[in-house]
file query-v5.pdb (PDB, C-alpha atoms, pLDDT in the B column)
ATOM      1  CA  MET A 277      -9.610   5.869 -18.111  1.00 91.00           C
ATOM      2  CA  LEU A 278     -11.855   6.522 -15.134  1.00 98.00           C
ATOM      3  CA  GLU A 279     -15.443   7.555 -15.799  1.00 98.00           C
ATOM      4  CA  ASP A 280     -17.046  10.629 -14.265  1.00 98.00           C
ATOM      5  CA  LYS A 281     -19.059   8.505 -11.801  1.00 98.00           C
ATOM      6  CA  GLN A 282     -15.846   6.858 -10.596  1.00 98.00           C
ATOM      7  CA  LEU A 283     -14.151  10.208 -10.119  1.00 98.00           C
ATOM      8  CA  LYS A 284     -17.194  11.417  -8.197  1.00 98.00           C
ATOM      9  CA  GLN A 285     -17.063   8.347  -5.954  1.00 98.00           C
ATOM     10  CA  PHE A 286     -13.408   8.976  -5.189  1.00 98.00           C
ATOM     11  CA  GLU A 287     -14.161  12.613  -4.409  1.00 98.00           C
ATOM     12  CA  GLU A 288     -17.027  11.682  -2.076  1.00 98.00           C
ATOM     13  CA  LYS A 289     -15.703   8.530  -0.391  1.00 97.00           C
ATOM     14  CA  GLY A 290     -11.931   8.894  -0.664  1.00 98.00           C
ATOM     15  CA  HIS A 291     -11.418   5.511  -2.299  1.00 98.00           C
ATOM     16  CA  LEU A 292     -12.256   3.636  -5.494  1.00 98.00           C
ATOM     17  CA  THR A 293     -11.960   0.026  -6.673  1.00 98.00           C
ATOM     18  CA  VAL A 294     -11.210  -0.713 -10.336  1.00 98.00           C
ATOM     19  CA  THR A 295     -11.155  -4.293 -11.591  1.00 98.00           C
ATOM     20  CA  ALA A 296      -9.187  -6.026 -14.372  1.00 97.00           C
ATOM     21  CA  VAL A 297      -6.409  -3.459 -14.780  1.00 98.00           C
ATOM     22  CA  PHE A 298      -3.679  -6.093 -15.143  1.00 98.00           C
ATOM     23  CA  THR A 299      -3.640  -9.313 -17.145  1.00 98.00           C
ATOM     24  CA  ALA A 300      -3.313 -12.774 -15.634  1.00 98.00           C
ATOM     25  CA  GLN A 301       0.176 -13.033 -17.132  1.00 98.00           C
ATOM     26  CA  GLU A 302       1.314  -9.728 -15.587  1.00 98.00           C
ATOM     27  CA  ILE A 303       0.096 -10.839 -12.177  1.00 98.00           C
ATOM     28  CA  GLU A 304       1.659 -14.288 -12.415  1.00 98.00           C
ATOM     29  CA  GLU A 305       5.037 -12.792 -13.377  1.00 98.00           C
ATOM     30  CA  ALA A 306       4.777 -10.513 -10.346  1.00 98.00           C
ATOM     31  CA  ARG A 307       3.887 -13.371  -8.007  1.00 98.00           C
ATOM     32  CA  GLU A 308       6.795 -15.456  -9.274  1.00 98.00           C
ATOM     33  CA  ASP A 309       9.156 -12.558  -8.577  1.00 98.00           C
ATOM     34  CA  VAL A 310       7.705 -12.195  -5.074  1.00 97.00           C
ATOM     35  CA  ARG A 311       8.528 -15.840  -4.392  1.00 96.00           C
ATOM     36  CA  SER A 312      12.145 -15.624  -5.573  1.00 95.00           C
ATOM     37  CA  TRP A 313      12.787 -12.214  -4.000  1.00 95.00           C
ATOM     38  CA  SER A 314      11.338 -13.330  -0.664  1.00 93.00           C
ATOM     39  CA  ASP A 315      13.805 -16.203  -0.494  1.00 90.00           C
ATOM     40  CA  GLU A 316      16.734 -13.874  -1.278  1.00 90.00           C
ATOM     41  CA  PHE A 317      15.538 -11.248   1.187  1.00 91.00           C
ATOM     42  CA  ARG A 318      15.118 -13.649   4.104  1.00 85.00           C
ATOM     43  CA  ARG A 319      18.706 -14.844   3.815  1.00 84.00           C
ATOM     44  CA  GLU A 320      20.030 -11.293   4.237  1.00 83.00           C
ATOM     45  CA  LEU A 321      17.924 -10.141   7.202  1.00 83.00           C
ATOM     46  CA  ASN A 322      19.851  -8.919  10.239  1.00 82.00           C
ATOM     47  CA  GLU A 323      18.500  -9.091  13.787  1.00 78.00           C
ATOM     48  CA  GLU A 324      17.088  -5.570  13.793  1.00 76.00           C
ATOM     49  CA  GLU A 325      15.359  -6.020  10.432  1.00 83.00           C
ATOM     50  CA  LYS A 326      13.570  -9.132  11.659  1.00 82.00           C
ATOM     51  CA  ASN A 327      11.410  -6.896  13.881  1.00 76.00           C
ATOM     52  CA  TRP A 328      10.273  -4.977  10.807  1.00 78.00           C
ATOM     53  CA  TYR A 329       9.914  -7.667   8.193  1.00 86.00           C
ATOM     54  CA  LEU A 330       8.909 -10.917   9.872  1.00 85.00           C
ATOM     55  CA  GLU A 331       5.263 -11.574  10.662  1.00 81.00           C
ATOM     56  CA  ASP A 332       6.384 -12.685  14.115  1.00 77.00           C
ATOM     57  CA  ALA A 333       9.878 -11.554  15.126  1.00 71.00           C
ATOM     58  CA  SER A 334      10.066 -14.309  17.744  1.00 71.00           C
ATOM     59  CA  ASP A 335       9.761 -16.921  14.992  1.00 76.00           C
ATOM     60  CA  GLU A 336      12.852 -16.603  12.834  1.00 73.00           C
ATOM     61  CA  GLU A 337      11.646 -19.377  10.528  1.00 74.00           C
ATOM     62  CA  GLY A 338       8.223 -17.760  10.121  1.00 77.00           C
ATOM     63  CA  PRO A 339       6.881 -15.878   7.097  1.00 88.00           C
ATOM     64  CA  LEU A 340       7.745 -12.385   5.940  1.00 92.00           C
ATOM     65  CA  ARG A 341       5.267  -9.584   6.531  1.00 91.00           C
ATOM     66  CA  LYS A 342       6.318  -7.285   3.685  1.00 94.00           C
ATOM     67  CA  LEU A 343       8.981  -6.238   1.192  1.00 96.00           C
ATOM     68  CA  ASP A 344       9.954  -2.600   0.665  1.00 96.00           C
ATOM     69  CA  LEU A 345      10.733  -0.624  -2.495  1.00 98.00           C
ATOM     70  CA  PRO A 346       9.792  -3.243  -5.108  1.00 98.00           C
ATOM     71  CA  VAL A 347       9.273  -0.565  -7.779  1.00 98.00           C
ATOM     72  CA  PHE A 348      12.794   0.759  -7.190  1.00 98.00           C
ATOM     73  CA  GLN A 349      14.460  -2.640  -6.808  1.00 97.00           C
ATOM     74  CA  ARG A 350      12.642  -5.030  -9.170  1.00 98.00           C
ATOM     75  CA  LYS A 351      11.978  -4.608 -12.898  1.00 97.00           C
ATOM     76  CA  VAL A 352       8.719  -6.557 -12.788  1.00 98.00           C
ATOM     77  CA  PHE A 353       7.171  -4.148 -10.312  1.00 98.00           C
ATOM     78  CA  SER A 354       8.572  -1.049 -11.981  1.00 98.00           C
ATOM     79  CA  LYS A 355       6.797  -2.167 -15.137  1.00 98.00           C
ATOM     80  CA  LEU A 356       3.498  -2.718 -13.292  1.00 98.00           C
ATOM     81  CA  ALA A 357       3.648   0.671 -11.589  1.00 98.00           C
ATOM     82  CA  LYS A 358       4.378   2.475 -14.861  1.00 98.00           C
ATOM     83  CA  LYS A 359       1.650   0.776 -16.884  1.00 98.00           C
ATOM     84  CA  LYS A 360       0.057   3.457 -19.060  1.00 98.00           C
ATOM     85  CA  LEU A 361      -3.521   2.722 -18.009  1.00 98.00           C
ATOM     86  CA  LEU A 362      -2.644   2.853 -14.306  1.00 98.00           C
ATOM     87  CA  VAL A 363      -0.679   6.094 -14.631  1.00 98.00           C
ATOM     88  CA  GLU A 364      -3.522   7.728 -16.552  1.00 98.00           C
ATOM     89  CA  MET A 365      -5.922   6.837 -13.732  1.00 98.00           C
ATOM     90  CA  VAL A 366      -3.528   8.172 -11.102  1.00 98.00           C
ATOM     91  CA  GLU A 367      -3.205  11.469 -12.973  1.00 98.00           C
ATOM     92  CA  GLN A 368      -6.985  11.759 -13.203  1.00 98.00           C
ATOM     93  CA  LEU A 369      -7.102  11.522  -9.410  1.00 98.00           C
ATOM     94  CA  ILE A 370      -4.229  13.827  -8.381  1.00 98.00           C
ATOM     95  CA  GLY A 371      -3.156  15.725 -11.488  1.00 98.00           C
ATOM     96  CA  LYS A 372      -0.554  15.517 -14.239  1.00 98.00           C
ATOM     97  CA  GLY A 373       3.062  14.693 -13.497  1.00 98.00           C
ATOM     98  CA  VAL A 374       3.617  12.026 -10.815  1.00 98.00           C
ATOM     99  CA  THR A 375       6.417  10.272  -8.939  1.00 98.00           C
ATOM    100  CA  ILE A 376       6.337   7.007  -6.995  1.00 98.00           C
ATOM    101  CA  ILE A 377       7.830   7.976  -3.652  1.00 98.00           C
ATOM    102  CA  PHE A 378       7.516   4.581  -1.987  1.00 98.00           C
ATOM    103  CA  SER A 379       6.234   1.088  -2.698  1.00 98.00           C
ATOM    104  CA  GLN A 380       5.664  -2.059  -0.694  1.00 98.00           C
ATOM    105  CA  ILE A 381       4.547  -5.631  -1.152  1.00 97.00           C
ATOM    106  CA  PHE A 382       2.291  -6.797   1.655  1.00 96.00           C
ATOM    107  CA  LEU A 383       2.452 -10.584   1.919  1.00 96.00           C
ATOM    108  CA  LYS A 384      -0.153 -11.402   4.609  1.00 95.00           C
ATOM    109  CA  PRO A 385       0.578 -15.149   4.747  1.00 93.00           C
ATOM    110  CA  PRO A 386      -2.195 -17.733   5.123  1.00 94.00           C
ATOM    111  CA  GLU A 387      -3.602 -18.183   8.624  1.00 91.00           C
ATOM    112  CA  ARG A 388      -0.823 -16.023  10.105  1.00 89.00           C
ATOM    113  CA  GLY A 389      -1.069 -12.647   8.408  1.00 90.00           C
ATOM    114  CA  GLY A 390      -1.994 -10.115  11.062  1.00 89.00           C
ATOM    115  CA  PRO A 391      -4.083  -6.942  10.848  1.00 88.00           C
ATOM    116  CA  LYS A 392      -2.918  -3.443  10.009  1.00 90.00           C
ATOM    117  CA  PRO A 393      -4.515  -0.848  12.318  1.00 92.00           C
ATOM    118  CA  ILE A 394      -6.406   2.211  11.098  1.00 95.00           C
ATOM    119  CA  HIS A 395      -4.088   4.882   9.693  1.00 95.00           C
ATOM    120  CA  GLN A 396      -3.633   7.583   7.048  1.00 97.00           C
ATOM    121  CA  ASP A 397      -0.888   7.427   4.440  1.00 97.00           C
ATOM    122  CA  ASN A 398      -0.483  11.205   4.580  1.00 98.00           C
ATOM    123  CA  HIS A 399       0.704  10.866   8.179  1.00 96.00           C
ATOM    124  CA  TYR A 400       3.466   8.515   7.060  1.00 95.00           C
ATOM    125  CA  PHE A 401       4.581  10.699   4.141  1.00 97.00           C
ATOM    126  CA  GLY A 402       3.699  14.252   5.227  1.00 97.00           C
ATOM    127  CA  PRO A 403       3.089  15.934   1.840  1.00 98.00           C
ATOM    128  CA  ASP A 404       2.644  19.701   1.783  1.00 98.00           C
ATOM    129  CA  ASP A 405      -0.637  19.250  -0.139  1.00 98.00           C
ATOM    130  CA  LYS A 406      -2.994  16.655   1.349  1.00 97.00           C
ATOM    131  CA  ASP A 407      -4.645  16.088  -2.050  1.00 98.00           C
ATOM    132  CA  ALA A 408      -1.371  15.414  -3.891  1.00 98.00           C
ATOM    133  CA  LEU A 409      -0.901  11.768  -2.841  1.00 98.00           C
ATOM    134  CA  VAL A 410      -2.814   8.658  -3.872  1.00 98.00           C
ATOM    135  CA  THR A 411      -2.096   5.022  -3.137  1.00 98.00           C
ATOM    136  CA  ALA A 412      -2.713   2.348  -5.774  1.00 98.00           C
ATOM    137  CA  TRP A 413      -3.177  -0.968  -3.945  1.00 98.00           C
ATOM    138  CA  ILE A 414      -2.782  -3.684  -6.576  1.00 98.00           C
ATOM    139  CA  ALA A 415      -4.204  -7.112  -5.754  1.00 98.00           C
ATOM    140  CA  LEU A 416      -1.810  -9.958  -6.597  1.00 98.00           C
ATOM    141  CA  ASP A 417      -4.358 -12.399  -5.136  1.00 98.00           C
ATOM    142  CA  ASP A 418      -8.105 -12.055  -4.730  1.00 98.00           C
ATOM    143  CA  ALA A 419      -8.437  -9.868  -1.633  1.00 98.00           C
ATOM    144  CA  THR A 420     -11.482 -10.867   0.416  1.00 97.00           C
ATOM    145  CA  THR A 421     -12.895 -10.335   3.879  1.00 97.00           C
ATOM    146  CA  ALA A 422     -11.598 -13.816   4.768  1.00 97.00           C
ATOM    147  CA  ASN A 423      -7.971 -13.166   3.836  1.00 97.00           C
ATOM    148  CA  GLY A 424      -7.581  -9.543   4.924  1.00 97.00           C
ATOM    149  CA  CYS A 425      -8.808  -7.060   2.327  1.00 97.00           C
ATOM    150  CA  LEU A 426      -8.693  -3.330   3.015  1.00 98.00           C
ATOM    151  CA  TYR A 427     -11.408  -1.518   4.962  1.00 97.00           C
ATOM    152  CA  TYR A 428     -12.090   2.204   4.496  1.00 97.00           C
ATOM    153  CA  GLY A 429     -13.762   4.970   6.434  1.00 95.00           C
ATOM    154  CA  ASP A 430     -15.975   6.561   3.784  1.00 96.00           C
ATOM    155  CA  GLY A 431     -15.461  10.314   3.616  1.00 95.00           C
ATOM    156  CA  SER A 432     -12.631  10.308   6.151  1.00 94.00           C
ATOM    157  CA  HIS A 433     -10.288  11.908   3.601  1.00 96.00           C
ATOM    158  CA  LYS A 434     -12.040  15.180   4.424  1.00 94.00           C
ATOM    159  CA  GLU A 435     -10.412  15.017   7.867  1.00 89.00           C
ATOM    160  CA  SER A 436      -7.106  16.730   8.526  1.00 93.00           C
ATOM    161  CA  VAL A 437      -3.956  14.655   8.967  1.00 95.00           C
ATOM    162  CA  LEU A 438      -4.582  13.118  12.375  1.00 92.00           C
ATOM    163  CA  PRO A 439      -2.182  12.315  15.234  1.00 91.00           C
ATOM    164  CA  HIS A 440      -0.935   8.713  15.202  1.00 93.00           C
ATOM    165  CA  VAL A 441       0.594   6.522  17.880  1.00 89.00           C
ATOM    166  CA  ALA A 442       2.496   3.224  17.769  1.00 84.00           C
ATOM    167  CA  PRO A 443       3.150   0.439  20.291  1.00 81.00           C
ATOM    168  CA  PRO A 444       6.727   0.724  21.637  1.00 79.00           C
ATOM    169  CA  GLU A 445       7.588  -2.744  20.317  1.00 74.00           C
ATOM    170  CA  GLU A 446       6.083  -2.016  16.868  1.00 75.00           C
ATOM    171  CA  PRO A 447       7.309   1.396  15.670  1.00 72.00           C
ATOM    172  CA  PHE A 448       6.151   0.588  12.123  1.00 72.00           C
ATOM    173  CA  ASN A 449       2.541   0.185  13.281  1.00 81.00           C
ATOM    174  CA  LEU A 450       1.496   3.842  13.337  1.00 88.00           C
ATOM    175  CA  GLN A 451      -2.236   4.132  13.926  1.00 91.00           C
ATOM    176  CA  VAL A 452      -5.013   6.590  14.677  1.00 91.00           C
ATOM    177  CA  PRO A 453      -6.240   6.378  18.304  1.00 83.00           C
ATOM    178  CA  GLU A 454      -9.595   4.644  18.622  1.00 82.00           C
ATOM    179  CA  THR A 455     -11.137   7.741  20.177  1.00 80.00           C
ATOM    180  CA  VAL A 456     -10.764   9.420  16.772  1.00 80.00           C
ATOM    181  CA  SER A 457     -11.282   6.534  14.349  1.00 81.00           C
ATOM    182  CA  SER A 458     -14.379   5.117  16.061  1.00 84.00           C
ATOM    183  CA  LYS A 459     -16.634   7.759  14.526  1.00 84.00           C
ATOM    184  CA  TYR A 460     -16.160   6.108  11.118  1.00 88.00           C
ATOM    185  CA  ALA A 461     -17.676   2.750  10.176  1.00 91.00           C
ATOM    186  CA  MET A 462     -14.965   0.836   8.337  1.00 95.00           C
ATOM    187  CA  ALA A 463     -16.382  -0.788   5.188  1.00 95.00           C
ATOM    188  CA  PRO A 464     -14.663  -3.702   3.401  1.00 97.00           C
ATOM    189  CA  ALA A 465     -13.311  -3.202  -0.121  1.00 98.00           C
ATOM    190  CA  PRO A 466     -12.673  -6.614  -1.713  1.00 98.00           C
ATOM    191  CA  VAL A 467     -10.534  -6.531  -4.871  1.00 98.00           C
ATOM    192  CA  PRO A 468     -10.184  -9.353  -7.410  1.00 98.00           C
ATOM    193  CA  LYS A 469      -6.710 -10.366  -8.532  1.00 98.00           C
ATOM    194  CA  GLY A 470      -5.426  -7.866 -11.105  1.00 98.00           C
ATOM    195  CA  GLY A 471      -7.628  -5.045  -9.814  1.00 98.00           C
ATOM    196  CA  ILE A 472      -6.706  -1.886  -7.913  1.00 98.00           C
ATOM    197  CA  SER A 473      -8.038  -0.164  -4.838  1.00 98.00           C
ATOM    198  CA  PHE A 474      -7.145   3.544  -4.975  1.00 98.00           C
ATOM    199  CA  HIS A 475      -7.284   5.662  -1.850  1.00 98.00           C
ATOM    200  CA  HIS A 476      -6.653   9.303  -1.003  1.00 98.00           C
ATOM    201  CA  GLY A 477      -3.707  10.031   1.282  1.00 98.00           C
ATOM    202  CA  ASN A 478      -6.005  11.146   4.102  1.00 97.00           C
ATOM    203  CA  THR A 479      -8.459   8.236   3.903  1.00 97.00           C
ATOM    204  CA  LEU A 480      -8.604   6.145   7.060  1.00 96.00           C
ATOM    205  CA  HIS A 481      -7.969   2.508   6.199  1.00 97.00           C
ATOM    206  CA  GLN A 482      -6.978  -0.788   7.758  1.00 96.00           C
ATOM    207  CA  SER A 483      -6.766  -4.479   6.902  1.00 96.00           C
ATOM    208  CA  GLY A 484      -7.907  -7.562   8.771  1.00 92.00           C
ATOM    209  CA  ASN A 485      -6.342 -10.901   9.624  1.00 95.00           C
ATOM    210  CA  ASN A 486      -5.764 -13.524   6.988  1.00 96.00           C
ATOM    211  CA  GLU A 487      -7.920 -16.346   8.325  1.00 96.00           C
ATOM    212  CA  SER A 488      -7.870 -18.290   5.056  1.00 97.00           C
ATOM    213  CA  SER A 489      -5.555 -21.011   3.751  1.00 96.00           C
ATOM    214  CA  LYS A 490      -4.306 -18.783   0.923  1.00 93.00           C
ATOM    215  CA  PRO A 491      -1.932 -15.782   0.841  1.00 94.00           C
ATOM    216  CA  ARG A 492      -3.157 -12.233   0.315  1.00 97.00           C
ATOM    217  CA  ARG A 493      -0.367 -10.500  -1.544  1.00 98.00           C
ATOM    218  CA  ALA A 494      -0.632  -6.914  -2.770  1.00 98.00           C
ATOM    219  CA  LEU A 495       1.589  -4.219  -4.247  1.00 98.00           C
ATOM    220  CA  ALA A 496       1.050  -0.731  -2.828  1.00 98.00           C
ATOM    221  CA  CYS A 497       2.424   2.179  -4.867  1.00 98.00           C
ATOM    222  CA  HIS A 498       2.335   5.673  -3.396  1.00 98.00           C
ATOM    223  CA  TYR A 499       2.161   8.345  -6.115  1.00 99.00           C
ATOM    224  CA  LEU A 500       2.860  12.016  -5.396  1.00 98.00           C
ATOM    225  CA  ARG A 501       2.136  14.910  -7.753  1.00 98.00           C
ATOM    226  CA  ASN A 502       5.438  16.396  -8.875  1.00 98.00           C
ATOM    227  CA  ASN A 503       4.700  19.917  -7.625  1.00 98.00           C
ATOM    228  CA  SER A 504       4.297  18.641  -4.047  1.00 98.00           C
ATOM    229  CA  ARG A 505       6.975  17.788  -1.480  1.00 98.00           C
ATOM    230  CA  LEU A 506       7.252  15.655   1.641  1.00 98.00           C
ATOM    231  CA  THR A 507       7.590  18.198   4.433  1.00 98.00           C
ATOM    232  CA  THR A 508       6.522  16.357   7.618  1.00 96.00           C
ATOM    233  CA  PRO A 509       7.119  12.607   7.094  1.00 96.00           C
ATOM    234  CA  ALA A 510       6.718  10.360  10.132  1.00 92.00           C
ATOM    235  CA  LEU A 511       9.486   8.044   8.896  1.00 90.00           C
ATOM    236  CA  PRO A 512      12.619   8.752   6.817  1.00 93.00           C
ATOM    237  CA  TYR A 513      12.363   8.306   3.035  1.00 96.00           C
ATOM    238  CA  ASP A 514      15.306   8.344   0.645  1.00 97.00           C
ATOM    239  CA  PRO A 515      14.740  10.626  -2.383  1.00 97.00           C
ATOM    240  CA  SER A 516      17.265   8.594  -4.372  1.00 98.00           C
ATOM    241  CA  THR A 517      14.717   5.758  -4.411  1.00 98.00           C
ATOM    242  CA  PHE A 518      11.890   7.923  -5.792  1.00 98.00           C
ATOM    243  CA  THR A 519      10.789   6.912  -9.306  1.00 98.00           C
ATOM    244  CA  ARG A 520       9.556   9.749 -11.503  1.00 98.00           C
ATOM    245  CA  VAL A 521       6.920   8.416 -13.897  1.00 98.00           C
ATOM    246  CA  THR A 522       5.713  11.429 -15.894  1.00 96.00           C
TER
END

call {"tool": "encode", "arguments": {"input": "query-v5.pdb", "output": "structure tokens"}}
result
Amino acid sequence: MLEDKQLKQFEEKGHLTVTAVFTAQEIEEAREDVRSWSDEFRRELNEEEKNWYLEDASDEEGPLRKLDLPVFQRKVFSKLAKKKLLVEMVEQLIGKGVTIIFSQIFLKPPERGGPKPIHQDNHYFGPDDKDALVTAWIALDDATTANGCLYYGDGSHKESVLPHVAPPEEPFNLQVPETVSSKYAMAPAPVPKGGISFHHGNTLHQSGNNESSKPRRALACHYLRNNSRLTTPALPYDPSTFTRVT
């Protein structure tokens, strides 16, 4: 369970790192499933999907950027996301009764994994209560400044949901215009393998390039309190894929 000082940090900064939530065995099972699923997924990609899922759409033999809905599609990740300790922490942050509305695995391959611009998760999902959503970002590898850990704007969760834009060729890359985000210094939040970085749905965050020789894989689970609804999502989400936890 989270201590009072951790809850206070989350309230003040909009994010919190907790180490050693998962065992080495749990993480290795997850990484093995990522490897096998990635191979299956690549074989089934159509031309349109390559723009969304490949690190570089012009390189059809290149690495994947991400995998969607692992909690819904893969037993290993459903088990991780429903781990009692993790769910208890989530409920301390947003309240009792939660559902995983979306999940992703970010692969960020060695020496090729690109950055993710500054954004807010609440813009993507559009909940009717800005305090009802929290993201649990689970490190499947040590996440460092060299391989592309998350960066946060401390206190930015106290902002409203901000307008986002996206490059025409990258509709998935929604981001806050620099004229707005530049008022926040983005601080790195390294996470050791098996740890979690929690962030509020309104917290400005980004990730850097992977300039190392090792992958930076992470599972992101987006939990929504059950008495909240997605009313203004920026992208379509299928309720049949939502996973009620408690």

call {"tool": "atom_distance", "arguments": {"input": "query-v5.pdb", "atom1": "CA of Thr411 (chain A)", "atom2": "CA of Asp309 (chain A)"}}
result
21.6 Å

call {"tool": "residues_around", "arguments": {"input": "query-v5.pdb", "residues": "region 431-444 of chain A", "least_positions_apart": "5", "cutoff": "8 Å", "atoms": "only C-alpha atoms", "output": "PyMOL selection string"}}
result
chain A and resi 288-290+395-396+398-399+406+449-453+460+476-480

call {"tool": "atom_distance", "arguments": {"input": "query-v5.pdb", "atom1": "CA of Gly484 (chain A)", "atom2": "CA of Asp332 (chain A)"}}
result
16.1 Å

call {"tool": "resolve_selection", "arguments": {"input": "query-v5.pdb", "expression": "the PyMOL selection byres ((chain A and resi 489-496) around 7)", "output": "PyMOL selection string"}}
result
chain A and resi 379-387+411-417+419+423-424+487-488+497-498

call {"tool": "closest_residue", "arguments": {"input": "query-v5.pdb", "among": "A:His291, A:His475, A:Lys351, A:Arg341", "to": "Glu305 (chain A)", "atoms": "only C-alpha atoms"}}
result
A:Lys351

call {"tool": "residues_around", "arguments": {"input": "query-v5.pdb", "residues": "Tyr427 (chain A)", "least_positions_apart": "5", "cutoff": "8 Å", "atoms": "only C-alpha atoms", "output": "list of chain:residue names"}}
result
A:Met462, A:Ala463, A:Pro464, A:Ala465, A:His481, A:Gln482, A:Ser483, A:Gly484

call {"tool": "resolve_selection", "arguments": {"input": "query-v5.pdb", "expression": "the PyMOL selection byres ((chain A and resi 294) around 12)", "output": "PyMOL selection string"}}
result
chain A and resi 277-279+282-283+285-286+291-293+295-298+361-362+365-366+412-415+465-475

call {"tool": "closest_residue", "arguments": {"input": "query-v5.pdb", "among": "A:Asn322, A:Gln349, A:Thr421, A:Ser312", "to": "Ser516 (chain A)", "atoms": "all atoms listed in the file"}}
result
A:Gln349

call {"tool": "atom_distance", "arguments": {"input": "query-v5.pdb", "atom1": "CA of Val310 (chain A)", "atom2": "CA of Val352 (chain A)"}}
result
9.6 Å

call {"tool": "resolve_selection", "arguments": {"input": "query-v5.pdb", "expression": "the PyMOL selection byres ((chain A and resi 518) around 6)", "output": "number ranges by chain"}}
result
A: 376-377, 515-517, 519

call {"tool": "residues_around", "arguments": {"input": "query-v5.pdb", "residues": "Tyr499 (chain A)", "least_positions_apart": "2", "cutoff": "6 Å", "atoms": "all atoms listed in the file", "output": "PyMOL selection string"}}
result
chain A and resi 375-376+409-410

call {"tool": "residues_around", "arguments": {"input": "query-v5.pdb", "residues": "Pro509 (chain A)", "least_positions_apart": "5", "cutoff": "10 Å", "atoms": "all atoms listed in the file", "output": "ChimeraX atom specification"}}
result
/A:397-404

call {"tool": "axis_aligned_box", "arguments": {"input": "query-v5.pdb", "around": "region 477-485 of chain A", "padding_each_side": "4 Å", "output": "lines of an AutoDock Vina configuration file"}}
result
center_x = -6.2
center_y = 0.1
center_z = 5.5
size_x = 12.9
size_y = 30.0
size_z = 16.3

call {"tool": "residues_around", "arguments": {"input": "query-v5.pdb", "residues": "Arg311 (chain A)", "least_positions_apart": "3", "cutoff": "12 Å", "atoms": "only C-alpha atoms", "output": "list in words"}}
result
Glu304, Glu305, Ala306, Arg307, Glu308, Ser314, Asp315, Glu316, Phe317, Arg318, Pro339, Leu340, Lys342, Leu343, Ile381, Leu383, Pro491 and Arg493 of chain A

call {"tool": "residues_near_point", "arguments": {"input": "query-v5.pdb", "point": "(-5.0, -6.4, 13.5)", "cutoff": "8 Å", "atoms": "all atoms listed in the file", "output": "ChimeraX atom specification"}}
result
/A:390-393,483-485

call {"tool": "closest_residue", "arguments": {"input": "query-v5.pdb", "among": "A:Ala300, A:Val347, A:Ile370, A:Leu511", "to": "Asp407 (chain A)", "atoms": "only C-alpha atoms"}}
result
A:Ile370
